[in-house]
Amino acid sequence: MTRLVALLLALLATPLAAQTALPPAPWADRQIPDPAQERQARALMETIRCLTCQSQSIADSGASMAGDMRSQIRERIMAGEKPEAIRQWLISRYGDWVSYEPTAAPILWPLWAAPLLLLALGLLLLRGRIKRGKQP
């Protein structure tokens with residue numbers, strides 16, 4: 001009987017043990033006292049993708065990972081780092097996917113050129129159709 005009670009208590013206590021003991025990030029939900037720096041931080045946060053949610057920016061996400069990233073951004077901006085340098089640091093740490101702003105890496109050039117090539121091809125085909133239609 002005592003073993004059964006001990007087992008039930010262990011099963012009930014398991015979710016409590018799974019919760020983190022870490023404190024929340026200090027600047028996750030607090031604004032920077034300097035309004036200009038807070039605007040810079042907020043603008044950057046809106047262009048960084050939440051790694052947990054994936055469909056929200058870290059400015060809108062309630063995930064703990066997003067809170068940690070918001071705190072890091074605010075701390076770095078308060079330390080005098082420029083937003084673009086922070087973005088590059090985040091990209092080097094988490095990959096290109098973390099930024100909503102597209103990059104112009106050489107491997108992506110075909111992706112950027114494809115719409116222009118398809119448009120040019122469509123215009124050539126249209127021109128050929130128009131010329132054939134005007135011939136007697």
# chains A, B, ... in the order shown; residues from 1 in each chain; ligands from 1

call {"tool": "select_by_dssp", "arguments": {"residues": "chain A", "states": "strand (DSSP E or B)", "output": "PyMOL selection string"}}
result
chain A and resi 48-49+57+99

call {"tool": "write_last_selection", "arguments": {"atoms": "all heavy atoms", "output": "PDB file, in the first residue's frame"}}
result
ATOM      1  N   ILE A  48      12.946  39.672 -36.501  1.00  0.00           N
ATOM      2  CA  ILE A  48      13.587  38.412 -36.111  1.00  0.00           C
ATOM      3  C   ILE A  48      12.499  37.380 -35.827  1.00  0.00           C
ATOM      4  O   ILE A  48      11.575  37.621 -35.064  1.00  0.00           O
ATOM      5  CB  ILE A  48      14.488  38.605 -34.868  1.00  0.00           C
ATOM      6  CG1 ILE A  48      15.574  39.645 -35.144  1.00  0.00           C
ATOM      7  CG2 ILE A  48      15.091  37.285 -34.422  1.00  0.00           C
ATOM      8  CD1 ILE A  48      16.546  39.283 -36.231  1.00  0.00           C
ATOM      9  N   ARG A  49      12.627  36.221 -36.440  1.00  0.00           N
ATOM     10  CA  ARG A  49      11.634  35.142 -36.323  1.00  0.00           C
ATOM     11  C   ARG A  49      11.824  34.391 -35.006  1.00  0.00           C
ATOM     12  O   ARG A  49      12.936  34.083 -34.603  1.00  0.00           O
ATOM     13  CB  ARG A  49      11.833  34.180 -37.493  1.00  0.00           C
ATOM     14  CG  ARG A  49      10.797  33.112 -37.628  1.00  0.00           C
ATOM     15  CD  ARG A  49      11.154  32.126 -38.739  1.00  0.00           C
ATOM     16  NE  ARG A  49      11.643  32.727 -39.952  1.00  0.00           N
ATOM     17  CZ  ARG A  49      10.881  33.037 -41.003  1.00  0.00           C
ATOM     18  NH1 ARG A  49       9.600  32.795 -40.978  1.00  0.00           N
ATOM     19  NH2 ARG A  49      11.413  33.565 -42.073  1.00  0.00           N
ATOM     20  N   SER A  57       7.133  37.002 -34.987  1.00  0.00           N
ATOM     21  CA  SER A  57       8.408  37.631 -34.650  1.00  0.00           C
ATOM     22  C   SER A  57       8.609  37.489 -33.150  1.00  0.00           C
ATOM     23  O   SER A  57       7.665  37.208 -32.412  1.00  0.00           O
ATOM     24  CB  SER A  57       8.383  39.112 -35.048  1.00  0.00           C
ATOM     25  OG  SER A  57       7.490  39.817 -34.205  1.00  0.00           O
ATOM     26  N   SER A  99      16.040  35.538 -39.632  1.00  0.00           N
ATOM     27  CA  SER A  99      15.718  36.902 -40.051  1.00  0.00           C
ATOM     28  C   SER A  99      14.618  36.896 -41.097  1.00  0.00           C
ATOM     29  O   SER A  99      14.643  36.109 -42.038  1.00  0.00           O
ATOM     30  CB  SER A  99      16.965  37.577 -40.638  1.00  0.00           C
ATOM     31  OG  SER A  99      16.649  38.864 -41.099  1.00  0.00           O
TER      32      SER A  99
END

call {"tool": "residues_around", "arguments": {"residues": "Arg93 (chain A)", "least_positions_apart": "6", "cutoff": "12 Å", "atoms": "only C-alpha atoms", "output": "list in words"}}
result
Leu51, Met69, Ile86, Arg87 and Ser99 of chain A

call {"tool": "write_last_selection", "arguments": {"atoms": "N, CA, C and O atoms", "output": "compact mmCIF listing (two decimals), in the first residue's frame"}}
result
# COMPACT_ATOMS: atom_id res chain seq x y z
N LEU A 51 12.11 31.25 -32.89
CA LEU A 51 12.56 29.90 -33.23
C LEU A 51 11.59 28.83 -32.75
O LEU A 51 11.57 27.73 -33.28
N MET A 69 15.68 36.00 -26.41
CA MET A 69 16.23 36.75 -27.54
C MET A 69 15.92 38.24 -27.41
O MET A 69 16.77 39.09 -27.70
N ILE A 86 23.81 43.28 -34.36
CA ILE A 86 23.07 42.29 -33.57
C ILE A 86 22.38 41.30 -34.49
O ILE A 86 22.38 40.10 -34.24
N ARG A 87 21.80 41.79 -35.60
CA ARG A 87 21.15 40.91 -36.57
C ARG A 87 22.17 39.91 -37.13
O ARG A 87 21.89 38.71 -37.23
N SER A 99 16.04 35.54 -39.63
CA SER A 99 15.72 36.90 -40.05
C SER A 99 14.62 36.90 -41.10
O SER A 99 14.64 36.11 -42.04

call {"tool": "closest_atom_pairs", "arguments": {"of": "region 88-136 of chain A", "to": "region 75-84 of chain A", "cutoff": "10 Å", "atoms": "only C-alpha atoms", "output": "Markdown table"}}
result
| residue | atom | partner | partner_atom | distance |
| --- | --- | --- | --- | --- |
| A:Gln88 | CA | A:Glu84 | CA | 6.2 |
| A:Trp89 | CA | A:Glu84 | CA | 8.6 |
| A:Leu90 | CA | A:Glu84 | CA | 9.8 |

call {"tool": "closest_residue", "arguments": {"among": "A:Leu4, A:Gln56, A:Lys134, A:Arg70", "to": "Arg42 (chain A)", "atoms": "only C-alpha atoms"}}
result
A:Arg70

call {"tool": "atom_distance", "arguments": {"atom1": "CA of Pro33 (chain A)", "atom2": "CA of Glu46 (chain A)"}}
result
19.1 Å

call {"tool": "closest_residue", "arguments": {"among": "A:Ser92, A:Gln72, A:Gln135, A:Thr103", "to": "Asp29 (chain A)", "atoms": "only C-alpha atoms"}}
result
A:Gln72

call {"tool": "atom_distance", "arguments": {"atom1": "CA of Leu119 (chain A)", "atom2": "CA of Tyr100 (chain A)"}}
result
25.5 Å

call {"tool": "select_by_dssp", "arguments": {"residues": "chain A", "states": "alpha helix (DSSP H)", "output": "PyMOL selection string"}}
result
chain A and resi 2-18+35-45+64-78+83-94+109-134

call {"tool": "closest_residue", "arguments": {"among": "A:Arg74, A:Ala59, A:Thr52, A:Val5", "to": "Glu38 (chain A)", "atoms": "only C-alpha atoms"}}
result
A:Arg74

call {"tool": "decode", "arguments": {"residues": "region 43-60 of chain A", "atoms": "N, CA, C and O atoms", "output": "mmCIF file, in the first residue's frame"}}
result
data_model
loop_
_atom_site.group_PDB
_atom_site.id
_atom_site.type_symbol
_atom_site.label_atom_id
_atom_site.label_comp_id
_atom_site.auth_asym_id
_atom_site.auth_seq_id
_atom_site.Cartn_x
_atom_site.Cartn_y
_atom_site.Cartn_z
ATOM 1 N N ALA A 43 12.209 47.695 -33.343
ATOM 2 C CA ALA A 43 12.264 47.546 -34.805
ATOM 3 C C ALA A 43 13.038 46.284 -35.184
ATOM 4 O O ALA A 43 12.643 45.556 -36.093
ATOM 5 N N LEU A 44 14.130 46.008 -34.486
ATOM 6 C CA LEU A 44 14.909 44.804 -34.770
ATOM 7 C C LEU A 44 14.126 43.549 -34.378
ATOM 8 O O LEU A 44 14.089 42.565 -35.123
ATOM 9 N N MET A 45 13.473 43.591 -33.231
ATOM 10 C CA MET A 45 12.715 42.419 -32.764
ATOM 11 C C MET A 45 11.595 42.035 -33.727
ATOM 12 O O MET A 45 11.255 40.866 -33.843
ATOM 13 N N GLU A 46 11.035 43.007 -34.408
ATOM 14 C CA GLU A 46 9.952 42.718 -35.349
ATOM 15 C C GLU A 46 10.449 42.047 -36.621
ATOM 16 O O GLU A 46 9.654 41.501 -37.381
ATOM 17 N N THR A 47 11.755 42.061 -36.849
ATOM 18 C CA THR A 47 12.307 41.436 -38.054
ATOM 19 C C THR A 47 13.009 40.110 -37.758
ATOM 20 O O THR A 47 13.589 39.521 -38.658
ATOM 21 N N ILE A 48 12.946 39.672 -36.501
ATOM 22 C CA ILE A 48 13.587 38.412 -36.111
ATOM 23 C C ILE A 48 12.499 37.380 -35.827
ATOM 24 O O ILE A 48 11.575 37.621 -35.064
ATOM 25 N N ARG A 49 12.627 36.221 -36.440
ATOM 26 C CA ARG A 49 11.634 35.142 -36.323
ATOM 27 C C ARG A 49 11.824 34.391 -35.006
ATOM 28 O O ARG A 49 12.936 34.083 -34.603
ATOM 29 N N CYS A 50 10.713 34.059 -34.361
ATOM 30 C CA CYS A 50 10.741 33.233 -33.149
ATOM 31 C C CYS A 50 11.115 31.810 -33.548
ATOM 32 O O CYS A 50 10.494 31.225 -34.434
ATOM 33 N N LEU A 51 12.108 31.249 -32.894
ATOM 34 C CA LEU A 51 12.561 29.905 -33.231
ATOM 35 C C LEU A 51 11.594 28.834 -32.750
ATOM 36 O O LEU A 51 11.567 27.732 -33.281
ATOM 37 N N THR A 52 10.778 29.165 -31.753
ATOM 38 C CA THR A 52 9.806 28.213 -31.233
ATOM 39 C C THR A 52 8.505 28.275 -32.011
ATOM 40 O O THR A 52 7.982 27.261 -32.462
ATOM 41 N N CYS A 53 7.974 29.483 -32.182
ATOM 42 C CA CYS A 53 6.670 29.660 -32.850
ATOM 43 C C CYS A 53 6.793 29.547 -34.365
ATOM 44 O O CYS A 53 5.902 29.039 -35.026
ATOM 45 N N GLN A 54 7.836 30.082 -34.937
ATOM 46 C CA GLN A 54 8.170 30.061 -36.351
ATOM 47 C C GLN A 54 7.258 30.906 -37.234
ATOM 48 O O GLN A 54 7.598 31.183 -38.358
ATOM 49 N N SER A 55 6.117 31.302 -36.744
ATOM 50 C CA SER A 55 5.246 32.135 -37.575
ATOM 51 C C SER A 55 5.083 33.527 -36.973
ATOM 52 O O SER A 55 4.297 34.314 -37.464
ATOM 53 N N GLN A 56 5.800 33.806 -35.918
ATOM 54 C CA GLN A 56 5.715 35.103 -35.258
ATOM 55 C C GLN A 56 7.112 35.689 -35.099
ATOM 56 O O GLN A 56 8.095 34.959 -35.042
ATOM 57 N N SER A 57 7.133 37.002 -34.987
ATOM 58 C CA SER A 57 8.408 37.631 -34.650
ATOM 59 C C SER A 57 8.609 37.489 -33.150
ATOM 60 O O SER A 57 7.665 37.208 -32.412
ATOM 61 N N ILE A 58 9.831 37.718 -32.696
ATOM 62 C CA ILE A 58 10.069 37.602 -31.266
ATOM 63 C C ILE A 58 9.390 38.731 -30.499
ATOM 64 O O ILE A 58 9.148 38.604 -29.313
ATOM 65 N N ALA A 59 9.045 39.815 -31.193
ATOM 66 C CA ALA A 59 8.330 40.910 -30.541
ATOM 67 C C ALA A 59 6.916 40.491 -30.157
ATOM 68 O O ALA A 59 6.369 40.968 -29.158
ATOM 69 N N ASP A 60 6.308 39.595 -30.926
ATOM 70 C CA ASP A 60 4.926 39.174 -30.694
ATOM 71 C C ASP A 60 4.805 37.853 -29.954
ATOM 72 O O ASP A 60 3.721 37.501 -29.510
#
